[in-house]
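Structure below is query18.txt: compact mmCIF, C-alpha atoms.
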# COMPACT_ATOMS: atom_id res chain seq x y z
CA MET A 253 39.20 42.23 58.80
CA SER A 254 35.86 40.54 58.14
CA LEU A 255 33.19 41.17 55.55
CA HIS A 256 30.07 43.14 56.30
CA LEU A 257 27.42 41.53 58.52
CA GLU A 258 24.35 40.17 56.81
CA THR A 259 21.55 42.71 56.79
CA ARG A 260 18.12 41.25 57.53
CA PHE A 261 16.43 44.15 59.36
CA CYS A 262 16.29 47.90 58.79
CA CYS A 263 18.66 49.60 61.25
CA VAL A 264 16.48 52.75 61.18
CA CYS A 265 13.00 51.28 61.92
CA GLY A 266 13.56 47.55 62.62
CA HIS A 267 11.34 46.30 59.76
CA ALA A 268 12.45 43.32 57.62
CA ILE A 269 14.72 44.20 54.69
CA THR A 270 13.78 43.55 51.06
CA ARG A 271 16.66 42.94 48.67
CA ARG A 272 15.78 44.72 45.41
CA ILE A 273 16.93 47.26 42.84
CA PRO A 274 15.66 50.72 43.87
CA PRO A 275 14.19 53.02 41.17
CA GLY A 276 16.97 54.71 39.20
CA ASP A 277 19.59 52.25 40.46
CA SER A 278 21.15 49.27 38.70
CA ARG A 279 22.12 47.12 41.70
CA GLU A 280 20.28 45.22 44.37
CA ARG A 281 20.29 47.05 47.70
CA ASP A 282 18.99 46.40 51.19
CA CYS A 283 15.70 48.34 51.03
CA CYS A 284 13.15 48.97 53.75
CA ASP A 285 9.57 49.00 52.46
CA ALA A 286 8.34 50.37 55.81
CA CYS A 287 10.42 53.55 56.21
CA GLY A 288 11.90 53.82 52.71
CA ALA A 289 15.53 53.67 53.83
CA ILE A 290 18.08 52.24 51.40
CA HIS A 291 21.09 50.74 53.12
CA TYR A 292 24.11 51.14 50.89
CA ARG A 293 27.29 49.25 51.65
CA ASN A 294 30.71 50.32 50.51
CA PRO A 295 34.29 49.06 50.70
CA ARG A 296 36.08 50.02 53.90
CA PRO A 297 39.42 51.83 54.13
CA VAL A 298 42.20 50.26 56.21
CA VAL A 299 44.97 52.74 57.04
CA GLY A 300 48.49 52.17 58.30
CA THR A 301 52.12 53.23 58.23
CA ILE A 302 55.63 52.05 57.41
CA PRO A 303 57.42 53.48 60.47
CA VAL A 304 61.17 53.84 59.87
CA TRP A 305 64.07 54.34 62.28
CA GLY A 306 67.27 54.75 60.30
CA GLU A 307 67.57 51.63 58.14
CA GLN A 308 65.03 49.71 60.19
CA VAL A 309 61.26 49.26 59.83
CA LEU A 310 58.89 48.82 62.76
CA ARG A 311 56.60 45.81 62.69
CA CYS A 312 54.01 44.36 65.09
CA ARG A 313 53.23 40.76 65.91
CA ARG A 314 49.47 40.29 65.96
CA ALA A 315 47.74 39.39 69.24
CA ILE A 316 44.35 39.05 67.55
CA GLU A 317 42.69 37.05 64.82
CA PRO A 318 42.83 36.84 61.90
CA ARG A 319 46.47 35.82 61.50
CA TYR A 320 47.29 35.68 65.23
CA GLY A 321 51.05 35.54 65.82
CA THR A 322 52.12 36.77 62.36
CA TRP A 323 53.93 40.04 61.72
CA THR A 324 52.32 43.11 60.24
CA LEU A 325 52.66 46.82 59.80
CA PRO A 326 50.56 48.93 62.16
CA ALA A 327 47.19 49.37 60.41
CA GLY A 328 43.47 49.13 61.02
CA PHE A 329 40.03 50.28 59.96
CA MET A 330 39.66 54.02 59.44
CA GLU A 331 37.20 55.59 61.88
CA LEU A 332 34.46 58.15 61.19
CA GLY A 333 35.57 61.74 61.66
CA GLU A 334 39.25 61.21 60.99
CA THR A 335 41.40 61.56 57.90
CA ALA A 336 43.29 58.60 56.45
CA GLY A 337 46.55 60.06 57.79
CA GLN A 338 45.10 60.64 61.26
CA GLY A 339 43.81 57.07 61.28
CA ALA A 340 47.22 55.75 60.24
CA CYS A 341 48.88 57.70 63.10
CA ARG A 342 46.24 56.49 65.57
CA GLU A 343 46.70 52.84 64.59
CA THR A 344 50.48 53.20 64.83
CA HIS A 345 50.10 54.52 68.36
CA GLU A 346 47.46 51.98 69.41
CA GLU A 347 49.23 48.90 68.05
CA ALA A 348 52.88 49.84 68.54
CA GLY A 349 52.84 52.65 71.12
CA ALA A 350 54.88 54.56 68.57
CA ARG A 351 55.01 58.28 67.94
CA ILE A 352 55.67 59.19 64.33
CA GLU A 353 55.99 62.02 61.88
CA LEU A 354 53.63 61.05 59.06
CA GLY A 355 55.16 61.07 55.58
CA PRO A 356 53.65 60.87 52.08
CA LEU A 357 51.06 58.40 50.85
CA PHE A 358 53.00 55.31 49.77
CA SER A 359 50.59 52.56 48.70
CA MET A 360 46.90 52.15 47.97
CA ILE A 361 45.99 48.51 47.49
CA ASP A 362 42.53 47.31 46.49
CA VAL A 363 41.36 44.07 48.07
CA PRO A 364 37.91 43.65 46.48
CA SER A 365 37.53 40.07 47.72
CA VAL A 366 37.24 41.39 51.30
CA GLU A 367 35.68 44.75 50.36
CA GLN A 368 38.61 46.86 51.54
CA ILE A 369 41.18 49.40 50.37
CA HIS A 370 44.48 49.36 52.25
CA ILE A 371 46.27 52.71 52.42
CA PHE A 372 49.84 52.99 53.77
CA TYR A 373 51.87 56.10 54.51
CA ARG A 374 55.61 56.39 54.99
CA ALA A 375 56.46 57.53 58.52
CA ARG A 376 59.48 58.44 60.62
CA LEU A 377 59.66 57.24 64.23
CA LEU A 378 60.29 60.16 66.58
CA ASP A 379 62.01 57.92 69.15
CA THR A 380 62.42 54.23 70.03
CA ASP A 381 60.12 54.43 73.03
CA PHE A 382 57.54 52.03 71.56
CA GLY A 383 55.93 48.81 72.78
CA PRO A 384 53.04 46.46 72.08
CA GLY A 385 49.48 47.74 72.47
CA ALA A 386 46.52 45.50 73.32
CA GLU A 387 46.36 44.06 69.77
CA SER A 388 50.09 43.23 69.53
CA LEU A 389 52.24 40.51 71.13
CA ASP A 390 55.50 42.21 70.25
CA VAL A 391 56.80 45.26 68.40
CA ARG A 392 60.31 45.34 66.92
CA LEU A 393 62.57 47.09 64.46
CA PHE A 394 63.75 44.97 61.53
CA GLN A 395 66.51 45.37 58.99
CA GLU A 396 65.36 44.38 55.48
CA ASN A 397 67.36 41.12 55.61
CA GLN A 398 65.84 40.20 58.99
CA ILE A 399 62.26 40.13 57.74
CA PRO A 400 60.66 36.66 57.70
CA TRP A 401 58.72 37.04 54.45
CA ASP A 402 56.76 33.82 54.96
CA ASP A 403 55.37 35.02 58.30
CA ILE A 404 53.66 38.25 57.25
CA ALA A 405 50.03 38.68 58.22
CA PHE A 406 48.54 40.10 55.02
CA ARG A 407 49.49 40.33 51.36
CA THR A 408 48.88 44.09 51.41
CA VAL A 409 51.63 44.31 54.06
CA SER A 410 54.14 42.13 52.17
CA THR A 411 53.35 44.00 48.93
CA THR A 412 53.83 47.36 50.64
CA LEU A 413 57.10 46.29 52.28
CA ARG A 414 58.51 44.92 49.00
CA LEU A 415 57.60 48.13 47.17
CA PHE A 416 59.14 50.14 50.01
CA PHE A 417 62.48 48.31 49.90
CA GLU A 418 62.54 48.47 46.08
CA ASP A 419 61.99 52.23 46.17
CA ARG A 420 64.58 52.66 48.92
CA ALA A 421 67.14 50.72 46.88
CA ARG A 422 66.46 53.00 43.90
CA GLY A 423 66.62 56.08 46.12
CA ILE A 424 63.24 57.35 44.87
CA PHE A 425 59.97 56.84 46.72
CA GLY A 426 56.75 56.88 44.72
CA THR A 427 53.06 56.32 45.37
CA HIS A 428 51.95 52.86 44.33
CA THR A 429 48.56 51.40 43.48
CA ARG A 430 47.96 47.69 43.29
CA GLU A 431 45.08 45.23 43.27
CA LEU A 432 45.14 41.92 45.11
CA ALA A 433 43.38 39.11 43.30
CA PRO A 434 41.53 36.62 45.52
CA ARG A 435 43.70 33.82 46.90
CA PRO A 436 43.09 30.53 45.06
CA LEU A 437 41.03 28.18 47.21
CA PRO A 438 42.82 25.05 48.49
CA GLY A 439 42.38 22.24 45.97
CA LYS A 440 41.50 24.72 43.20
CA GLU A 441 43.90 25.81 40.49
CA MET B 97 26.71 62.27 49.36
CA SER B 98 24.94 61.99 52.68
CA LEU B 99 26.11 60.84 56.08
CA HIS B 100 25.30 57.41 57.42
CA LEU B 101 21.75 56.67 58.49
CA GLU B 102 21.06 56.62 62.20
CA THR B 103 21.25 53.11 63.58
CA ARG B 104 18.54 52.24 66.10
CA PHE B 105 18.01 48.54 65.42
CA CYS B 106 20.35 45.61 64.83
CA CYS B 107 20.39 44.81 61.11
CA VAL B 108 21.21 41.15 61.89
CA CYS B 109 18.47 40.31 64.42
CA GLY B 110 16.21 43.39 64.63
CA HIS B 111 16.77 44.01 68.38
CA ALA B 112 17.23 47.58 69.67
CA ILE B 113 20.82 48.88 69.53
CA THR B 114 22.78 49.93 72.60
CA ARG B 115 25.41 52.61 72.08
CA ARG B 116 28.40 51.62 74.24
CA ILE B 117 32.13 50.90 74.23
CA PRO B 118 32.69 47.17 73.58
CA PRO B 119 35.31 45.31 75.67
CA GLY B 120 38.80 46.00 74.33
CA ASP B 121 37.63 48.98 72.29
CA SER B 122 38.01 52.70 73.04
CA ARG B 123 35.04 54.09 71.10
CA GLU B 124 31.29 53.89 71.37
CA ARG B 125 29.79 51.50 68.83
CA ASP B 126 26.31 50.36 67.86
CA CYS B 127 26.10 47.11 69.86
CA CYS B 128 23.38 44.49 69.93
CA ASP B 129 22.89 42.94 73.37
CA ALA B 130 20.64 40.24 71.88
CA CYS B 131 22.87 38.68 69.18
CA GLY B 132 26.22 40.24 70.14
CA ALA B 133 26.79 41.96 66.79
CA ILE B 134 28.87 45.14 66.77
CA HIS B 135 28.03 47.47 63.91
CA TYR B 136 31.14 49.36 62.90
CA ARG B 137 30.87 52.34 60.61
CA ASN B 138 33.69 53.60 58.46
CA PRO B 139 34.34 56.44 56.02
CA ARG B 140 33.20 55.73 52.49
CA PRO B 141 35.34 55.97 49.37
CA VAL B 142 34.11 58.12 46.48
CA VAL B 143 35.93 57.37 43.22
CA GLY B 144 36.14 59.34 39.98
CA THR B 145 38.23 60.42 37.02
CA ILE B 146 39.64 63.45 35.23
CA PRO B 147 38.86 62.39 31.65
CA VAL B 148 41.03 64.25 29.14
CA TRP B 149 40.68 64.71 25.37
CA GLY B 150 43.68 66.63 24.08
CA GLU B 151 43.77 69.89 26.03
CA GLN B 152 40.19 69.51 27.22
CA VAL B 153 38.68 68.00 30.36
CA LEU B 154 35.30 66.27 30.47
CA ARG B 155 32.84 67.50 33.06
CA CYS B 156 29.22 66.63 33.94
CA ARG B 157 26.37 68.89 35.02
CA ARG B 158 24.56 67.26 37.92
CA ALA B 159 20.93 66.15 37.46
CA ILE B 160 20.64 65.10 41.12
CA GLU B 161 20.91 66.58 44.57
CA PRO B 162 23.03 67.64 46.30
CA ARG B 163 24.28 70.51 44.12
CA TYR B 164 21.78 70.02 41.27
CA GLY B 165 22.81 71.94 38.15
CA THR B 166 26.44 72.48 39.11
CA TRP B 167 29.42 71.01 37.25
CA THR B 168 31.47 68.10 38.47
CA LEU B 169 33.90 65.41 37.45
CA PRO B 170 32.40 61.94 37.01
CA ALA B 171 32.55 60.30 40.45
CA GLY B 172 30.46 58.37 42.92
CA PHE B 173 30.45 55.91 45.79
CA MET B 174 32.64 52.87 45.34
CA GLU B 175 30.65 49.63 45.26
CA LEU B 176 31.38 46.32 46.99
CA GLY B 177 33.39 43.89 44.89
CA GLU B 178 35.11 46.45 42.70
CA THR B 179 38.49 48.17 42.87
CA ALA B 180 38.77 51.94 43.18
CA GLY B 181 39.87 52.11 39.54
CA GLN B 182 37.01 49.92 38.35
CA GLY B 183 34.58 52.11 40.30
CA ALA B 184 36.05 55.25 38.75
CA CYS B 185 35.61 53.77 35.24
CA ARG B 186 32.08 52.66 36.05
CA GLU B 187 31.07 56.10 37.31
CA THR B 188 32.62 57.74 34.25
CA HIS B 189 30.55 55.50 32.02
CA GLU B 190 27.33 55.86 34.06
CA GLU B 191 27.44 59.64 34.43
CA ALA B 192 29.08 60.67 31.16
CA GLY B 193 28.61 57.68 28.83
CA ALA B 194 32.37 57.94 28.34
CA ARG B 195 34.85 55.19 27.56
CA ILE B 196 38.28 55.80 29.01
CA GLU B 197 41.73 54.39 29.48
CA LEU B 198 42.35 54.71 33.21
CA GLY B 199 45.57 56.48 34.18
CA PRO B 200 47.46 56.80 37.49
CA LEU B 201 46.00 57.76 40.85
CA PHE B 202 45.97 61.56 40.93
CA SER B 203 44.34 62.80 44.13
CA MET B 204 43.16 61.38 47.43
CA ILE B 205 41.22 63.96 49.41
CA ASP B 206 39.91 63.38 52.92
CA VAL B 207 36.55 64.93 53.75
CA PRO B 208 36.10 63.87 57.38
CA SER B 209 33.12 66.19 57.92
CA VAL B 210 31.04 64.00 55.59
CA GLU B 211 32.87 60.74 56.40
CA GLN B 212 34.31 60.27 52.91
CA ILE B 213 37.58 59.91 51.01
CA HIS B 214 37.50 61.14 47.42
CA ILE B 215 39.88 59.36 45.06
CA PHE B 216 40.48 60.63 41.50
CA TYR B 217 42.41 59.02 38.67
CA ARG B 218 43.74 60.63 35.52
CA ALA B 219 42.06 59.18 32.43
CA ARG B 220 42.21 59.45 28.64
CA LEU B 221 38.97 59.51 26.66
CA LEU B 222 39.00 56.85 23.94
CA ASP B 223 36.60 58.85 21.73
CA THR B 224 34.18 61.77 21.92
CA ASP B 225 31.11 59.56 21.76
CA PHE B 226 29.87 60.54 25.25
CA GLY B 227 26.63 61.92 26.60
CA PRO B 228 24.72 62.49 29.82
CA GLY B 229 23.65 59.47 31.89
CA ALA B 230 20.63 59.47 34.20
CA GLU B 231 22.43 61.53 36.86
CA SER B 232 23.72 64.22 34.48
CA LEU B 233 21.96 67.09 32.68
CA ASP B 234 24.85 67.71 30.30
CA VAL B 235 28.37 66.47 29.60
CA ARG B 236 30.95 68.67 27.88
CA LEU B 237 34.63 69.13 27.18
CA PHE B 238 36.18 72.29 28.67
CA GLN B 239 39.41 74.13 28.06
CA GLU B 240 41.02 75.27 31.30
CA ASN B 241 40.03 78.91 30.65
CA GLN B 242 36.40 77.92 29.99
CA ILE B 243 35.82 76.43 33.43
CA PRO B 244 33.38 78.39 35.61
CA TRP B 245 35.20 77.96 38.93
CA ASP B 246 32.32 79.36 40.98
CA ASP B 247 29.89 76.75 39.65
CA ILE B 248 31.68 73.54 40.65
CA ALA B 249 29.69 71.00 42.65
CA PHE B 250 32.22 69.96 45.30
CA ARG B 251 35.46 71.27 46.74
CA THR B 252 37.16 67.94 46.11
CA VAL B 253 36.42 68.48 42.41
CA SER B 254 37.71 72.08 42.29
CA THR B 255 40.79 71.06 44.32
CA THR B 256 41.48 68.13 41.99
CA LEU B 257 41.03 70.27 38.86
CA ARG B 258 43.33 73.02 40.19
CA LEU B 259 46.02 70.48 41.07
CA PHE B 260 45.60 68.89 37.64
CA PHE B 261 46.06 72.16 35.75
CA GLU B 262 49.02 73.13 37.97
CA ASP B 263 50.71 69.79 37.27
CA ARG B 264 49.96 70.03 33.57
CA ALA B 265 51.49 73.53 33.42
CA ARG B 266 54.63 72.16 35.10
CA GLY B 267 54.70 69.17 32.79
CA ILE B 268 54.89 66.69 35.70
CA PHE B 269 51.91 64.87 37.15
CA GLY B 270 52.10 63.71 40.76
CA THR B 271 49.82 62.01 43.25
CA HIS B 272 48.31 64.50 45.68
CA THR B 273 46.78 64.11 49.13
CA ARG B 274 44.72 66.83 50.72
CA GLU B 275 42.25 67.28 53.56
CA LEU B 276 39.17 69.48 53.32
CA ALA B 277 38.30 71.30 56.51
CA PRO B 278 34.58 71.67 57.26
CA ARG B 279 32.92 74.66 55.63
CA PRO B 280 32.21 77.44 58.15
CA LEU B 281 28.50 77.54 58.96
CA PRO B 282 26.55 80.60 57.78
CA GLY B 283 26.60 83.24 60.54
CA LYS B 284 29.56 81.54 62.20
CA GLU B 285 33.15 82.70 61.94

This entry written out as C-alpha cells:
Amino acid sequence: MSLHLETRFCCVCGHAITRRIPPGDSRERDCCDACGAIHYRNPRPVVGTIPVWGEQVLRCRRAIEPRYGTWTLPAGFMELGETAGQGACRETHEEAGARIELGPLFSMIDVPSVEQIHIFYRARLLDTDFGPGAESLDVRLFQENQIPWDDIAFRTVSTTLRLFFEDRARGIFGTHTRELAPRPLPGKE
Amino acid sequence: MSLHLETRFCCVCGHAITRRIPPGDSRERDCCDACGAIHYRNPRPVVGTIPVWGEQVLRCRRAIEPRYGTWTLPAGFMELGETAGQGACRETHEEAGARIELGPLFSMIDVPSVEQIHIFYRARLLDTDFGPGAESLDVRLFQENQIPWDDIAFRTVSTTLRLFFEDRARGIFGTHTRELAPRPLPGKE
C-alpha cells in the first residue's frame, strides 16, 4: 500500500517531465513539454469485504509487507475494468480462497496521507472451504471476543470491524464514512 | 473524463516499458526491466455533490468537453491529499462558485468502462451567491419538474438525480450503489 512512484519521465514519449501548473489548472502537474501530455495522479481505491459465517468473521494473516504477520480483512487495490464489488470479491478469493455472496456497501474510509480510499462490503461466506492464498499466512474465522485488536494490520480494518460489531449489536447495519488522520510521527505530539 | 494515457516509457527512469506478468502477480503490468519499477494503474474516483436549496437542486452547464453544453452536477476527479468529501466540496466551489455544508454519502456508481468510480454526497447550499466557474457556462437552481432529463451530461448524474428525487419523495435518504454497463456502440446491438 505504497504511495505513487516519483515521475521524472513522460510515460508516453520518454521526455523529461516538467512540474508546472497547466493553463486553466490551479495545481502543479507532471507535464511533458515534448508531447504535451499531462500526467494526472489520483487517490487509489482499495476494496475488500467483511466475510461472515454465522457469528464469526473471516480474517487473513498477512504474508506480505507492509504489516507482515498481522491480521486483516481481505482487501486490495481495485483493478482497471472491474467494479468495486467485483474487486472486493476477487480479493476475498485471492487472499482467503473464500467464495462469498457480496452484501451492501458498509464503509468508505478516506486515507489521504497514503492517497487511498478504502471501501468495504458486507459479505456472507457460501461455505467454510477457504484457505490462505499467496499473500496470506493463515485464514481463520473469529468470534468478536477472539479478535486481537492490537494485532490488526491497518486502521481502516480495525475501524471497519468496530463499526461492524457496533451495528450488529444494534441490529441495524448502515453505510459508514470516515477519514483517517495521519498517524503522529514517533517523538512528535 | 478520459481513460489513462498509454504507457510506453518508465516514468521513473525513462527506459522502455515491457508489458508482462510480474512474479507473484496474475495480471499483465507495465514493467521496467531497467529499474525494476512496476507501474500499476487503478480506477479513478470522481467526486461531486447534489447541492440543495429548499426544493431546488443546483446544476452546472458544462463549458468543457466531453459533453460541452449539457447539464451536470458539480463533480470532478479527486486530487491527491484530499478526502472524497473535501474533493466534492472543492469541485462544487470551482465549478459552481457555491459554498455548501456537506451531507452524507449518497451514491457510489461504478463505471468500469471508463475506469472510474463516481461518488456523490448530499449537500446544503449555504446561500444563493453562486455562479459559473471556468468549467461552467451557467449555474442554476432547478425544481425537479424543470430538469431536462435528455440533456444531462453523464449517466452517473442522471442516475444520482433520479435516486435523489425518489428518496426525497419517500422521505428517507439512503446510500446507493450502482454499476453502469457500457453504452452499446452505434450500429451494434

Can you build me a table of region 107-218 of chain B residues sitting at most 10 Å from region 343-362 of chain A, with the closest atom pair per residue and its distance in Å to one decimal, using all atoms listed in the file, sorted by chain and residue number, as a tab-separated table?
residue	atom	partner	partner_atom	distance
B:Gly177	CA	A:Asp362	CA	9.9
B:Glu178	CA	A:Asp362	CA	8.4
B:Thr179	CA	A:Asp362	CA	5.5
B:Ala180	CA	A:Asp362	CA	6.8
B:Gly181	CA	A:Asp362	CA	8.9
B:Leu201	CA	A:Met360	CA	9.1
B:Met204	CA	A:Leu357	CA	9.1

Residues of chain A within 7 Å of chain B, all atoms listed in the file counted, as a PyMOL selection string: chain A and resi 258-266+293-296+330-336+362+364-365+367+427

I need the chosen residues saved as a compact mmCIF listing (two decimals), in the coordinates of the input, with C-alpha atoms.
# COMPACT_ATOMS: atom_id res chain seq x y z
CA GLU A 258 24.35 40.17 56.81
CA THR A 259 21.55 42.71 56.79
CA ARG A 260 18.12 41.25 57.53
CA PHE A 261 16.43 44.15 59.36
CA CYS A 262 16.29 47.90 58.79
CA CYS A 263 18.66 49.60 61.25
CA VAL A 264 16.48 52.75 61.18
CA CYS A 265 13.00 51.28 61.92
CA GLY A 266 13.56 47.55 62.62
CA ARG A 293 27.29 49.25 51.65
CA ASN A 294 30.71 50.32 50.51
CA PRO A 295 34.29 49.06 50.70
CA ARG A 296 36.08 50.02 53.90
CA MET A 330 39.66 54.02 59.44
CA GLU A 331 37.20 55.59 61.88
CA LEU A 332 34.46 58.15 61.19
CA GLY A 333 35.57 61.74 61.66
CA GLU A 334 39.25 61.21 60.99
CA THR A 335 41.40 61.56 57.90
CA ALA A 336 43.29 58.60 56.45
CA ASP A 362 42.53 47.31 46.49
CA PRO A 364 37.91 43.65 46.48
CA SER A 365 37.53 40.07 47.72
CA GLU A 367 35.68 44.75 50.36
CA THR A 427 53.06 56.32 45.37

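Relative to CA of Pro275 (chain A), CA of Tyr217 (chain B) is found at 29.0 Å.
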
Which of B:Leu221, B:Leu259, B:Cys128, B:Ala184 sits closest to Leu154 (chain B) [using all atoms listed in the file]: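 Of the candidates, the smallest distance to Leu154 (chain B) is held by B:Leu221.
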
Distance of CA of Gln152 (chain B) from CA of Ser254 (chain B), expressed in Å to one decimal place: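 The value is 15.5 Å.
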
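Distance check against Thr412 (chain A) using only C-alpha atoms: of A:Phe372, A:Asn397, A:Glu307, A:Gly288, the minimum falls on A:Phe372.
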
Atom-to-atom span, CA of Phe394 (chain A) and CA of Arg311 (chain A), Å: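 Between CA of Phe394 (chain A) and CA of Arg311 (chain A) the gap works out to 7.3 Å.
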
Minimum-distance residue to Arg279 (chain B), chosen among B:Arg251, B:Arg266, B:Phe261, B:Leu233 (using all atoms listed in the file):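 Checking each candidate against Arg279 (chain B), we get B:Arg251 as the closest.
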
Shortest interatomic distance to Leu237 (chain B) - which of B:Ile146, B:Cys131, B:Ile268, B:Arg158, counting only C-alpha atoms: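 That would be B:Ile146, the residue with the smallest distance to Leu237 (chain B).
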
Distance query Ile316 (chain A) at most 12 Å, all atoms listed in the file, self and fewer than 2 positions along chain excluded, as a list of chain:residue names: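 Skipping anything fewer than 2 positions along the chain leaves A:Met253, A:Cys312, A:Arg313, A:Arg314, A:Pro318, A:Arg319, A:Tyr320, A:Gly321, A:Thr322, A:Trp323, A:Thr324, A:Glu347, A:Gly385, A:Ala386, A:Glu387, A:Ser388, A:Leu389, A:Asp390, A:Ala405, B:Gly120.
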